[in-house]
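Participant: start-v4.csv is reproduced in full below (CSV, C-alpha atoms and all ligand atoms).
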```csv
chain,number,residue,atom,x,y,z
W,384,MET,CA,76.9,123.5,70.5
W,385,CYS,CA,73.9,124.1,72.7
W,386,GLY,CA,75.2,127.2,74.3
W,387,THR,CA,74.2,126.2,77.8
W,388,CYS,CA,76.6,123.6,78.7
W,389,GLY,CA,78.9,123.5,75.6
W,390,CYS,CA,77.7,120.2,74.5
W,391,ASP,CA,77.7,119.2,70.9
W,392,GLU,CA,74.1,117.9,70.4
W,393,GLN,CA,75.0,116.2,67.2
W,394,SER,CA,77.6,113.8,68.6
W,395,GLY,CA,76.4,114.2,72.2
W,396,THR,CA,79.8,115.1,73.5
W,397,ARG,CA,81.0,118.1,75.4
W,398,THR,CA,84.4,119.5,76.2
W,399,LEU,CA,85.7,119.9,79.8
W,400,GLU,CA,88.7,122.2,80.2
W,401,LEU,CA,90.8,120.4,82.9
W,402,GLU,CA,94.1,122.3,82.5
W,403,ARG,CA,95.9,120.2,85.0
W,404,ASP,CA,99.5,118.9,85.3
W,405,VAL,CA,99.5,115.2,85.0
W,406,LEU,CA,101.6,114.9,88.1
W,407,ALA,CA,99.7,117.4,90.2
W,408,LYS,CA,98.6,114.8,92.6
W,409,ASN,CA,102.1,113.5,93.1
W,410,ASP,CA,103.4,117.0,93.5
W,411,ALA,CA,100.7,117.8,96.2
W,412,ILE,CA,101.8,114.7,98.2
W,413,ALA,CA,105.4,115.7,97.7
W,414,GLU,CA,104.7,119.1,99.2
W,415,HIS,CA,102.9,117.5,102.1
W,416,ASN,CA,106.0,115.3,102.7
W,417,ARG,CA,108.3,118.3,102.6
W,418,LEU,CA,106.1,120.2,105.1
W,419,LYS,CA,106.1,117.2,107.4
W,420,LEU,CA,109.9,116.8,107.2
W,421,ASN,CA,110.5,120.6,107.7
W,422,ALA,CA,108.2,120.5,110.8
W,423,LEU,CA,110.4,117.7,112.3
W,424,ASP,CA,113.5,119.6,111.3
W,425,ALA,CA,114.4,116.4,109.3
W,426,VAL,CA,116.1,116.4,106.0
W,427,ALA,CA,115.4,113.9,103.2
W,428,ILE,CA,118.1,113.3,100.6
W,429,ASN,CA,117.1,111.5,97.4
W,430,LEU,CA,120.0,109.4,96.1
W,431,MET,CA,119.7,108.6,92.4
W,432,SER,CA,121.9,106.7,90.0
W,433,SER,CA,122.2,103.8,87.7
W,434,PRO,CA,122.4,100.3,89.3
W,435,GLY,CA,125.8,99.5,90.8
W,436,SER,CA,127.1,103.1,91.2
W,437,GLY,CA,127.7,102.6,94.9
W,438,LYS,CA,124.7,104.1,96.7
W,439,THR,CA,124.5,101.3,99.3
W,440,THR,CA,128.2,101.4,99.9
W,441,LEU,CA,128.1,105.1,100.4
W,442,LEU,CA,125.2,104.7,102.8
W,443,GLU,CA,127.1,102.1,104.8
W,444,ALA,CA,130.1,104.4,105.1
W,445,THR,CA,128.0,107.4,106.0
W,446,ILE,CA,126.0,105.5,108.7
W,447,THR,CA,129.3,104.3,110.1
W,448,ALA,CA,130.8,107.8,110.0
W,449,VAL,CA,127.8,109.4,111.7
W,450,ASP,CA,127.8,106.6,114.2
W,451,GLY,CA,124.7,107.5,116.2
W,452,ARG,CA,125.6,111.2,116.6
W,453,SER,CA,122.6,112.1,114.6
W,454,PRO,CA,119.5,110.0,113.9
W,455,VAL,CA,119.6,108.4,110.5
W,456,ALA,CA,116.9,106.5,108.6
W,457,VAL,CA,116.9,105.0,105.2
W,458,VAL,CA,114.1,104.4,102.7
W,459,GLU,CA,115.3,101.7,100.4
W,460,GLY,CA,113.6,101.5,97.0
W,461,ASP,CA,114.2,98.4,94.9
W,462,GLN,CA,112.1,96.6,92.3
W,463,ALA,CA,112.4,93.4,94.4
W,464,ALA,CA,114.2,91.8,97.3
W,465,SER,CA,115.6,93.6,100.3
W,466,LEU,CA,119.4,92.9,100.0
W,467,ASP,CA,120.4,96.5,100.4
W,468,ALA,CA,118.0,97.1,103.3
W,469,ASP,CA,119.5,94.0,105.0
W,470,ARG,CA,123.0,95.5,104.7
W,471,LEU,CA,121.9,98.7,106.3
W,472,ARG,CA,119.9,97.1,109.1
W,473,ALA,CA,123.0,95.1,109.9
W,474,LEU,CA,124.5,98.5,110.9
W,475,GLY,CA,121.6,99.2,113.2
W,476,CYS,CA,120.1,101.8,110.9
W,477,ARG,CA,116.3,102.2,110.8
W,478,THR,CA,115.3,101.1,107.3
W,479,VAL,CA,112.0,100.8,105.4
W,480,GLN,CA,112.1,98.6,102.3
W,481,LEU,CA,109.9,99.7,99.4
W,482,ASN,CA,109.5,97.2,96.6
W,483,THR,CA,108.2,98.9,93.5
W,484,GLY,CA,107.6,95.7,91.5
W,485,SER,CA,107.5,96.6,87.9
W,486,GLY,CA,107.9,100.3,88.8
W,487,CYS,CA,111.2,101.9,88.0
W,488,HIS,CA,111.1,104.9,90.4
W,489,LEU,CA,109.7,105.9,93.8
W,490,ASP,CA,106.8,108.4,94.0
W,491,ALA,CA,105.6,110.8,96.6
W,492,GLU,CA,102.9,108.5,97.9
W,493,MET,CA,105.5,105.8,98.6
W,494,LEU,CA,107.7,108.2,100.5
W,495,ASP,CA,104.6,109.4,102.5
W,496,ARG,CA,103.9,105.8,103.5
W,497,ALA,CA,107.6,105.1,104.4
W,498,LEU,CA,107.8,108.3,106.5
W,499,ALA,CA,104.7,107.2,108.5
W,500,GLU,CA,106.2,103.8,109.0
W,501,LEU,CA,109.5,105.2,110.2
W,502,ASP,CA,107.7,107.5,112.8
W,503,LEU,CA,110.7,109.8,112.6
W,504,GLU,CA,112.3,111.5,115.6
W,505,PRO,CA,113.1,115.2,115.2
W,506,GLY,CA,116.3,116.0,113.3
W,507,THR,CA,116.5,112.7,111.5
W,508,LEU,CA,118.6,112.6,108.3
W,509,VAL,CA,116.6,110.5,105.9
W,510,PHE,CA,118.3,108.9,102.9
W,511,VAL,CA,116.0,107.8,100.2
W,512,GLU,CA,117.8,105.2,98.0
W,513,ASN,CA,115.8,105.5,94.8
W,514,VAL,CA,115.5,102.6,92.3
W,515,GLY,CA,118.7,102.3,90.2
W,516,ASN,CA,117.7,104.1,87.0
W,517,LEU,CA,118.8,107.5,85.6
W,518,VAL,CA,115.7,108.2,83.7
W,519,CYS,CA,112.4,107.8,85.6
W,520,PRO,CA,113.2,109.0,89.1
W,521,ALA,CA,114.1,112.4,87.7
W,522,LEU,CA,110.5,113.2,86.9
W,523,PHE,CA,109.0,112.5,90.3
W,524,ASP,CA,109.3,114.9,93.1
W,525,LEU,CA,109.1,112.9,96.4
W,526,GLY,CA,109.1,115.9,98.7
W,527,GLU,CA,112.8,115.5,99.5
W,528,GLN,CA,114.8,118.6,100.3
W,529,ARG,CA,118.0,117.6,98.4
W,530,ARG,CA,118.8,115.5,95.3
W,531,VAL,CA,122.1,113.7,94.9
W,532,VAL,CA,123.1,111.9,91.7
W,533,LEU,CA,125.8,109.4,91.8
W,534,ALA,CA,127.9,108.5,88.8
W,535,ALA,CA,130.7,105.9,88.9
W,536,THR,CA,133.9,106.5,87.0
W,537,THR,CA,133.2,103.1,85.3
W,538,GLU,CA,130.1,104.5,83.7
W,539,GLY,CA,132.1,106.9,81.4
W,540,GLU,CA,132.3,110.6,81.4
W,541,ASP,CA,129.3,111.2,79.1
W,542,LYS,CA,126.7,110.3,81.6
W,543,PRO,CA,125.5,114.0,82.2
W,544,LEU,CA,125.0,114.5,78.5
W,545,LYS,CA,123.2,111.2,78.1
W,546,TYR,CA,120.8,111.7,81.0
W,547,PRO,CA,120.3,115.5,81.1
W,548,HIS,CA,117.0,115.4,83.0
W,549,MET,CA,118.6,113.5,85.9
W,550,PHE,CA,121.7,115.7,86.1
W,551,ARG,CA,119.6,118.9,85.8
W,552,ALA,CA,117.7,117.9,88.9
W,553,ALA,CA,120.8,117.4,91.0
W,554,ASP,CA,121.9,119.6,93.9
W,555,LEU,CA,125.0,117.5,94.2
W,556,VAL,CA,126.8,115.0,92.0
W,557,LEU,CA,129.1,112.4,93.5
W,558,LEU,CA,131.6,110.9,91.2
W,559,THR,CA,132.2,107.5,92.8
W,560,LYS,CA,134.7,104.7,92.5
W,561,THR,CA,137.6,107.2,92.0
W,562,ASP,CA,140.0,104.5,93.2
W,563,LEU,CA,139.6,102.9,89.7
W,564,LEU,CA,140.7,106.0,87.8
W,565,PRO,CA,144.3,104.8,87.3
W,566,HIS,CA,142.8,101.8,85.4
W,567,LEU,CA,140.3,103.6,83.3
W,568,ASP,CA,140.3,105.9,80.4
W,569,PHE,CA,138.2,108.5,82.2
W,570,ASP,CA,138.8,112.2,82.0
W,571,GLU,CA,137.6,113.9,85.2
W,572,GLY,CA,137.8,117.3,83.5
W,573,HIS,CA,135.5,116.2,80.7
W,574,PHE,CA,133.0,114.8,83.2
W,575,ALA,CA,133.1,118.1,85.1
W,576,SER,CA,132.6,120.2,82.0
W,577,HIS,CA,129.8,118.0,80.8
W,578,LEU,CA,128.0,118.3,84.1
W,579,ASN,CA,128.6,122.1,84.0
W,580,ARG,CA,127.0,122.2,80.6
W,581,ILE,CA,123.9,120.5,81.9
W,582,ASN,CA,123.7,122.0,85.4
W,583,PRO,CA,126.1,124.8,86.3
W,584,ARG,CA,124.5,125.0,89.8
W,585,ALA,CA,125.3,121.4,90.8
W,586,ARG,CA,128.2,120.8,93.1
W,587,LEU,CA,130.6,118.0,92.2
W,588,LEU,CA,132.5,115.8,94.7
W,589,HIS,CA,134.8,112.9,94.1
W,590,ILE,CA,134.4,110.0,96.4
W,591,CYS,CA,135.6,106.5,97.1
W,592,ALA,CA,133.6,105.4,100.1
W,593,PRO,CA,135.4,102.2,100.9
W,594,ARG,CA,138.7,104.0,101.0
W,595,GLY,CA,137.3,107.0,102.7
W,596,ASP,CA,138.3,109.5,100.0
W,597,GLY,CA,136.0,112.4,99.8
W,598,MET,CA,134.0,111.4,102.8
W,599,ASP,CA,134.8,114.5,104.8
W,600,GLN,CA,133.5,116.8,102.0
W,601,TRP,CA,130.4,114.6,101.7
W,602,LEU,CA,129.8,114.8,105.5
W,603,ASP,CA,130.3,118.6,105.3
W,604,TRP,CA,127.8,118.8,102.5
W,605,LEU,CA,125.3,116.9,104.6
W,606,ARG,CA,125.8,119.3,107.5
W,607,SER,CA,125.2,122.2,105.2
W,608,ALA,CA,122.2,120.6,103.7
W,609,ARG,CA,120.7,120.4,107.2
W,610,SER,CA,121.4,124.1,108.0
W,611,LEU,CA,120.2,125.5,104.7
W,612,PRO,CA,116.6,126.5,104.2
W,613,SER,CA,114.8,123.5,102.9
W,614,GLY,CA,113.1,123.1,99.5
W,615,SER,CA,114.8,122.3,96.4
W,616,ALA,CA,117.5,124.9,95.9
W,617,SER,CA,117.9,124.3,92.2
W,618,ALA,CA,116.0,122.8,89.3
W,619,ALA,CA,112.8,121.0,90.1
W,620,PRO,CA,112.1,117.8,88.1
W,621,SER,CA,111.1,119.0,84.6
W,622,ALA,CA,107.6,117.5,84.5
W,623,SER,CA,106.5,119.5,87.5
W,624,SER,CA,108.3,122.7,87.0
F,1441,MET,CA,109.5,103.1,82.0
F,1442,HIS,CA,108.0,106.2,83.7
F,1443,GLU,CA,105.4,106.6,80.9
F,1444,LEU,CA,103.4,103.9,82.6
F,1445,SER,CA,103.0,105.8,85.8
F,1446,ILE,CA,102.5,109.1,83.9
F,1447,ALA,CA,99.7,107.4,81.9
F,1448,LYS,CA,98.2,106.0,85.2
F,1449,SER,CA,98.3,109.4,86.8
F,1450,MET,CA,96.7,111.0,83.8
F,1451,VAL,CA,93.9,108.5,83.7
F,1452,ASP,CA,93.3,108.8,87.4
F,1453,ALA,CA,93.1,112.6,87.2
F,1454,VAL,CA,90.7,112.4,84.3
F,1455,LEU,CA,88.5,109.8,86.0
F,1456,GLU,CA,88.4,111.9,89.1
F,1457,GLN,CA,87.0,114.9,87.2
F,1458,THR,CA,84.6,113.4,84.8
F,1459,ALA,CA,82.5,111.0,86.7
F,1460,PRO,CA,80.0,109.6,85.7
F,1461,ASP,CA,80.5,110.5,82.1
F,1462,ARG,CA,82.2,108.4,79.5
F,1463,VAL,CA,85.4,110.0,78.2
F,1464,VAL,CA,85.8,109.8,74.4
F,1465,ALA,CA,88.9,112.0,74.0
F,1466,VAL,CA,91.8,113.3,76.0
F,1467,HIS,CA,94.0,116.2,74.8
F,1468,LEU,CA,97.4,116.2,76.3
F,1469,GLU,CA,100.2,118.7,76.1
F,1470,LEU,CA,103.6,116.9,76.2
F,1471,GLY,CA,106.5,119.3,75.9
F,1472,LYS,CA,109.3,118.3,73.5
F,1473,LEU,CA,111.8,118.5,76.4
F,1474,SER,CA,109.6,116.7,79.0
F,1475,GLY,CA,111.5,113.5,78.8
F,1476,VAL,CA,108.2,111.6,78.2
F,1477,GLU,CA,107.9,109.6,74.9
F,1478,VAL,CA,104.8,110.0,72.8
F,1479,ASP,CA,104.8,106.4,71.5
F,1480,ALA,CA,105.3,105.0,75.0
F,1481,ILE,CA,102.4,107.1,76.4
F,1482,ASP,CA,100.2,106.0,73.5
F,1483,PHE,CA,100.9,102.4,74.2
F,1484,CYS,CA,100.4,102.8,78.0
F,1485,PHE,CA,97.3,104.8,77.6
F,1486,ASP,CA,95.6,101.9,75.8
F,1487,VAL,CA,96.7,99.5,78.6
F,1488,VAL,CA,95.7,101.6,81.6
F,1489,THR,CA,92.3,102.7,80.2
F,1490,ARG,CA,91.1,99.2,79.7
F,1491,GLY,CA,88.0,98.5,81.8
F,1492,THR,CA,87.5,102.2,82.8
F,1493,ARG,CA,85.3,105.0,81.5
F,1494,LEU,CA,88.1,105.9,79.3
F,1495,GLU,CA,88.3,102.7,77.4
F,1496,GLY,CA,88.6,103.3,73.7
F,1497,ALA,CA,89.1,107.1,74.1
F,1498,ARG,CA,91.1,109.0,71.6
F,1499,LEU,CA,94.4,110.4,72.9
F,1500,SER,CA,95.6,113.5,71.0
F,1501,ILE,CA,99.0,114.9,71.9
F,1502,GLU,CA,100.3,118.4,71.3
F,1503,GLN,CA,104.1,118.9,71.6
F,1504,PRO,CA,105.0,122.4,72.5
F,1505,ALA,CA,108.5,123.4,71.6
F,1506,GLY,CA,111.0,124.5,74.2
F,1507,GLN,CA,111.3,128.1,75.3
F,1508,GLY,CA,113.5,129.4,78.0
F,1509,ARG,CA,115.1,132.4,79.8
F,1510,CYS,CA,118.8,132.7,80.4
F,1511,ARG,CA,119.5,133.1,84.1
F,1512,ARG,CA,122.6,135.1,83.4
F,1513,CYS,CA,121.5,137.7,80.8
F,1514,GLY,CA,117.7,137.4,80.9
F,1515,ALA,CA,117.4,136.7,77.1
F,1516,GLU,CA,114.4,134.6,76.0
F,1517,PHE,CA,115.0,132.1,73.3
F,1518,ALA,CA,113.9,128.9,71.6
F,1519,VAL,CA,115.4,125.9,73.5
F,1520,THR,CA,115.8,122.9,71.2
F,1521,SER,CA,117.4,120.6,73.7
F,1522,LEU,CA,118.6,120.5,77.3
F,1523,LEU,CA,122.1,121.2,75.9
F,1524,SER,CA,121.0,124.5,74.2
F,1525,GLU,CA,123.0,127.5,75.2
F,1526,CYS,CA,122.1,131.2,75.2
F,1527,ALA,CA,123.8,133.5,72.8
F,1528,CYS,CA,125.8,134.9,75.7
F,1529,GLY,CA,127.3,131.5,76.2
F,1530,SER,CA,125.4,130.6,79.4
F,1531,LEU,CA,123.9,127.2,79.9
F,1532,ASP,CA,121.9,128.1,82.9
F,1533,ILE,CA,118.5,128.2,81.3
F,1534,GLU,CA,115.1,128.3,83.0
F,1535,LEU,CA,112.5,126.6,80.9
F,1536,SER,CA,109.2,128.5,80.5
F,1537,SER,CA,107.8,125.9,78.0
F,1538,GLY,CA,108.6,122.6,76.5
F,1539,ASP,CA,108.7,120.5,79.8
F,1540,GLN,CA,105.0,120.4,80.5
F,1541,VAL,CA,103.0,117.3,80.9
F,1542,ARG,CA,99.5,118.6,81.1
F,1543,ILE,CA,95.9,117.6,80.5
F,1544,ARG,CA,94.3,120.4,78.5
F,1545,HIS,CA,90.8,119.2,78.0
F,1546,VAL,CA,88.7,116.1,77.6
F,1547,GLU,CA,85.6,115.3,75.6
F,1548,VAL,CA,83.0,113.4,77.5
F,1549,LYS,CA,79.7,111.8,76.4
F,1550,ARG,CA,76.9,111.6,78.9
F,1551,ASP,CA,75.9,108.2,80.1
F,1552,VAL,CA,72.8,107.0,78.2
F,1553,ARG,CA,70.9,106.9,81.4
F,1554,ASP,CA,71.3,110.7,81.8
F,1555,LEU,CA,70.0,111.6,78.3
F,1556,ARG,CA,66.5,112.0,79.6
F,1557,VAL,CA,67.5,115.0,81.7
X,1601,ZN,ZN,122.3,134.7,78.3
```
Spell out the structure here as structure tokens.
Ligand SMILES: [Zn+2]
Facilitator:
Amino acid sequence: MCGTCGCDEQSGTRTLELERDVLAKNDAIAEHNRLKLNALDAVAINLMSSPGSGKTTLLEATITAVDGRSPVAVVEGDQAASLDADRLRALGCRTVQLNTGSGCHLDAEMLDRALAELDLEPGTLVFVENVGNLVCPALFDLGEQRRVVLAATTEGEDKPLKYPHMFRAADLVLLTKTDLLPHLDFDEGHFASHLNRINPRARLLHICAPRGDGMDQWLDWLRSARSLPSGSASAAPSASS
Amino acid sequence: MHELSIAKSMVDAVLEQTAPDRVVAVHLELGKLSGVEVDAIDFCFDVVTRGTRLEGARLSIEQPAGQGRCRRCGAEFAVTSLLSECACGSLDIELSSGDQVRIRHVEVKRDVRDLRV
């Protein structure tokens, strides 16, 4: 070492201490998003699940239930196509479609762009429908204030144990498609205790959006999410905590 | 596969802080409970460094073990998985280590043109 700059004159290399979280840039943009949402008194709710757990159906039912009493916007993340966004636009909901291509999750920069495009009015309830995937979205903070994980009864009661990162990050877990319970070998008690093992701070609600079961509790939770101080109340995604 | 965007973010961060040098090695800390796979990062690193100042760089990965503090009784203990429970029976554990995805340091080589300095 040369002593002045730390370079190794033999090999001509020198070491730079960076000491930096890999996702530092994403997390800074996420914080910017959160401040922007807070300033508008808007709440963004990140919906995460495997494909087919009922996110879009829940959103349809929610938009219908809110029925213009409060401004709602949806940021729709999909790898391709805009089928889900089309369903929501048909209900008159402001929707921005984000196609991630090969990407399997949304990141903070994508939400930043979507929020700019939505040009939110104050007090908007923003739903972010993340790409259907229980692994990758858990690691990326978008700047949302609340995280909701959906799991369908058809997926089996072990989901929280199989995808601990995702369930650890949840503020609320919605067990969907509860109308199918009579036809399935699914133990609700086991699901609840598995979830409790992974994340004792997450709330659990049972819901069947097409039939309206659990919708009142879900709408109550949304109301409380708006009145609570924003910022993630529980576990942050593990890569950035 | 989130490892691809993790690798991209890592390479972007390194490029941002090392210009104009050539980067010959990157030392990464990848916690055992981070949910990021070493093999996948290795593979993605080669792909995303192609054509950049990091092309051909060595990636060395350290995997710190999990360490956490029980939110109920305050005990500190080694956390081997996200299902580990505290001796008091609590599962409400705050990780203090094991979930990091962090660039520690990089080794750079000056561009040949700068050697005269
Ligand atoms: Zn304890």
Participant: CA of Asp1482 (chain F) and CA of Gly515 (chain W) are how many Å apart?
Facilitator: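 Pair CA of Asp1482 (chain F) / CA of Gly515 (chain W) returns 25.2 Å.
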Participant: List the spatial neighbours of Leu588 (chain W) as a list of chain:residue names - criterion: any atom at most 8 Å away, all atoms listed in the file, same-chain residues fewer than 5 positions off excluded.
Facilitator: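 Contacts, with the query itself left out: W:Leu555, W:Val556, W:Leu557, W:Leu558, W:Gly597, W:Gln600, W:Trp601.
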Participant: For region 472-489 of chain W, list every protein, DNA or RNA residue within 6 Å, evaluated using all atoms listed in the file, and leave out those in the same chain fewer than 2 positions away; present the list as JSON, numbers by chain.
Facilitator: {"W": [456, 457, 458, 459, 460, 461, 462, 463, 469, 470, 514, 519, 520]}
Participant: Per residue of chain F within 7 Å of ligand ZN 1601 (chain X), what are the shortest atom pair and its distance in Å to one decimal, counting all atoms listed in the file, with rows by chain and residue number, as CSV?
Facilitator:
```
residue,atom,partner,partner_atom,distance
F:Cys1510,CA,X:ZN1601,ZN,4.5
F:Arg1511,CA,X:ZN1601,ZN,6.6
F:Arg1512,CA,X:ZN1601,ZN,5.1
F:Cys1513,CA,X:ZN1601,ZN,4.0
F:Gly1514,CA,X:ZN1601,ZN,5.9
F:Ala1515,CA,X:ZN1601,ZN,5.4
F:Cys1526,CA,X:ZN1601,ZN,4.7
F:Ala1527,CA,X:ZN1601,ZN,5.8
F:Cys1528,CA,X:ZN1601,ZN,4.4
F:Gly1529,CA,X:ZN1601,ZN,6.3
F:Ser1530,CA,X:ZN1601,ZN,5.3
```
Participant: Please identify all polymer residues within 10 Å of Ser1537 (chain F), counting all atoms listed in the file, omitting same-chain residues fewer than 3 positions from it, and present them as a PyMOL selection string.
Facilitator: (chain W and resi 624) or (chain F and resi 1471-1474+1504-1509+1518-1519+1534+1540)
Participant: When you draw a straight line from CA of Gly437 (chain W) to CA of Pro593 (chain W), how long is it in Å?
Facilitator: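 Separating CA of Gly437 (chain W) from CA of Pro593 (chain W) is a distance of 9.8 Å.
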Participant: Got a sec to pull out which chain F residues are within 7 Å of chain W, counting all atoms listed in the file, and send them as a VMD selection string?
Facilitator: chain F and resid 1441 to 1442 1446 1449 to 1450 1474 1522 to 1523 1531 to 1532 1539 to 1549
Participant: Between CA of Ala1497 (chain F) and CA of His1467 (chain F), what is the distance, to one decimal in Å?
Facilitator: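 Distance between the two atoms: 10.4 Å.
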Participant: I'd like to know which of W:Lys545, W:His415, W:His589, W:Arg529 is closest to Gly1475 (chain F), using all atoms listed in the file.
Facilitator: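 That would be W:Lys545, the residue with the smallest distance to Gly1475 (chain F).
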Participant: List the neighbours of Leu423 (chain W) out to 10 Å using all atoms listed in the file; skip same-chain residues closer than 4 positions along the sequence, and give me the result as number ranges by chain.
Facilitator: W: 417-419, 503-507
Participant: Could you tell me which of F:Ser1500, F:Ala1453, F:Glu1443, F:Arg1493 comes closest to Glu1477 (chain F) if we count only C-alpha atoms?
Facilitator: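 Nearest to Glu1477 (chain F): F:Glu1443.
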Participant: Rank W:Leu501, W:Leu508, W:Leu442, W:Ala491 by their smallest atom-to-atom distance to Arg609 (chain W), using all atoms listed in the file, and report the top residue only.
Facilitator: W:Leu508
Participant: From the set F:Val1454, F:Val1463, F:Ala1447, F:Leu1470, which residue has the shortest atom-to-atom contact distance to Phe1485 (chain F), counting only C-alpha atoms?
Facilitator: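 Closest candidate: F:Ala1447.
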Participant: Choose the residue, out of F:Leu1444, F:Ile1533, F:Leu1499, F:Leu1494, that has the smallest atom-to-atom separation from Pro1460 (chain F); count only C-alpha atoms.
Facilitator: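 Among the listed residues, the smallest separation from Pro1460 (chain F) belongs to F:Leu1494.
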Participant: Quick one: region 1457-1473 of chain F with N, CA, C and O atoms, as a compact mmCIF listing (two decimals), in the coordinates of the input?
Facilitator:
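Dumped to selection18.txt:
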```txt
# COMPACT_ATOMS: atom_id res chain seq x y z
N GLN F 1457 87.75 113.68 87.57
CA GLN F 1457 87.00 114.90 87.20
C GLN F 1457 85.95 114.78 86.21
O GLN F 1457 85.40 115.78 85.77
N THR F 1458 85.64 113.55 85.81
CA THR F 1458 84.60 113.40 84.80
C THR F 1458 83.47 112.51 85.14
O THR F 1458 82.56 112.34 84.35
N ALA F 1459 83.52 111.96 86.35
CA ALA F 1459 82.50 111.00 86.70
C ALA F 1459 81.10 111.69 86.64
O ALA F 1459 80.97 112.86 87.01
N PRO F 1460 80.06 111.02 86.16
CA PRO F 1460 80.00 109.60 85.70
C PRO F 1460 80.15 109.45 84.23
O PRO F 1460 79.84 108.40 83.70
N ASP F 1461 80.57 110.52 83.53
CA ASP F 1461 80.50 110.50 82.10
C ASP F 1461 81.53 109.51 81.45
O ASP F 1461 82.54 109.16 82.07
N ARG F 1462 81.25 109.16 80.23
CA ARG F 1462 82.20 108.40 79.50
C ARG F 1462 83.14 109.33 78.76
O ARG F 1462 82.69 110.36 78.24
N VAL F 1463 84.42 109.05 78.77
CA VAL F 1463 85.40 110.00 78.20
C VAL F 1463 85.73 109.44 76.77
O VAL F 1463 86.12 108.29 76.62
N VAL F 1464 85.53 110.29 75.77
CA VAL F 1464 85.80 109.80 74.40
C VAL F 1464 87.11 110.38 73.84
O VAL F 1464 87.65 109.84 72.89
N ALA F 1465 87.62 111.44 74.44
CA ALA F 1465 88.90 112.00 74.00
C ALA F 1465 89.64 112.71 75.07
O ALA F 1465 89.02 113.31 75.94
N VAL F 1466 90.96 112.62 75.02
CA VAL F 1466 91.80 113.30 76.00
C VAL F 1466 92.85 114.11 75.18
O VAL F 1466 93.49 113.55 74.28
N HIS F 1467 92.97 115.39 75.47
CA HIS F 1467 94.00 116.20 74.80
C HIS F 1467 95.09 116.53 75.77
O HIS F 1467 94.86 117.18 76.79
N LEU F 1468 96.27 116.08 75.40
CA LEU F 1468 97.40 116.20 76.30
C LEU F 1468 98.46 117.09 75.69
O LEU F 1468 98.68 117.09 74.48
N GLU F 1469 99.11 117.86 76.55
CA GLU F 1469 100.20 118.70 76.10
C GLU F 1469 101.49 118.02 76.67
O GLU F 1469 101.62 117.85 77.88
N LEU F 1470 102.37 117.63 75.77
CA LEU F 1470 103.60 116.90 76.20
C LEU F 1470 104.77 117.62 75.58
O LEU F 1470 105.09 117.48 74.41
N GLY F 1471 105.40 118.46 76.38
CA GLY F 1471 106.50 119.30 75.90
C GLY F 1471 107.62 118.45 75.26
O GLY F 1471 107.89 117.34 75.69
N LYS F 1472 108.26 119.03 74.25
CA LYS F 1472 109.30 118.30 73.50
C LYS F 1472 110.51 118.01 74.45
O LYS F 1472 111.31 117.13 74.16
N LEU F 1473 110.65 118.75 75.55
CA LEU F 1473 111.80 118.50 76.40
C LEU F 1473 111.33 117.86 77.76
O LEU F 1473 112.05 117.88 78.74
```
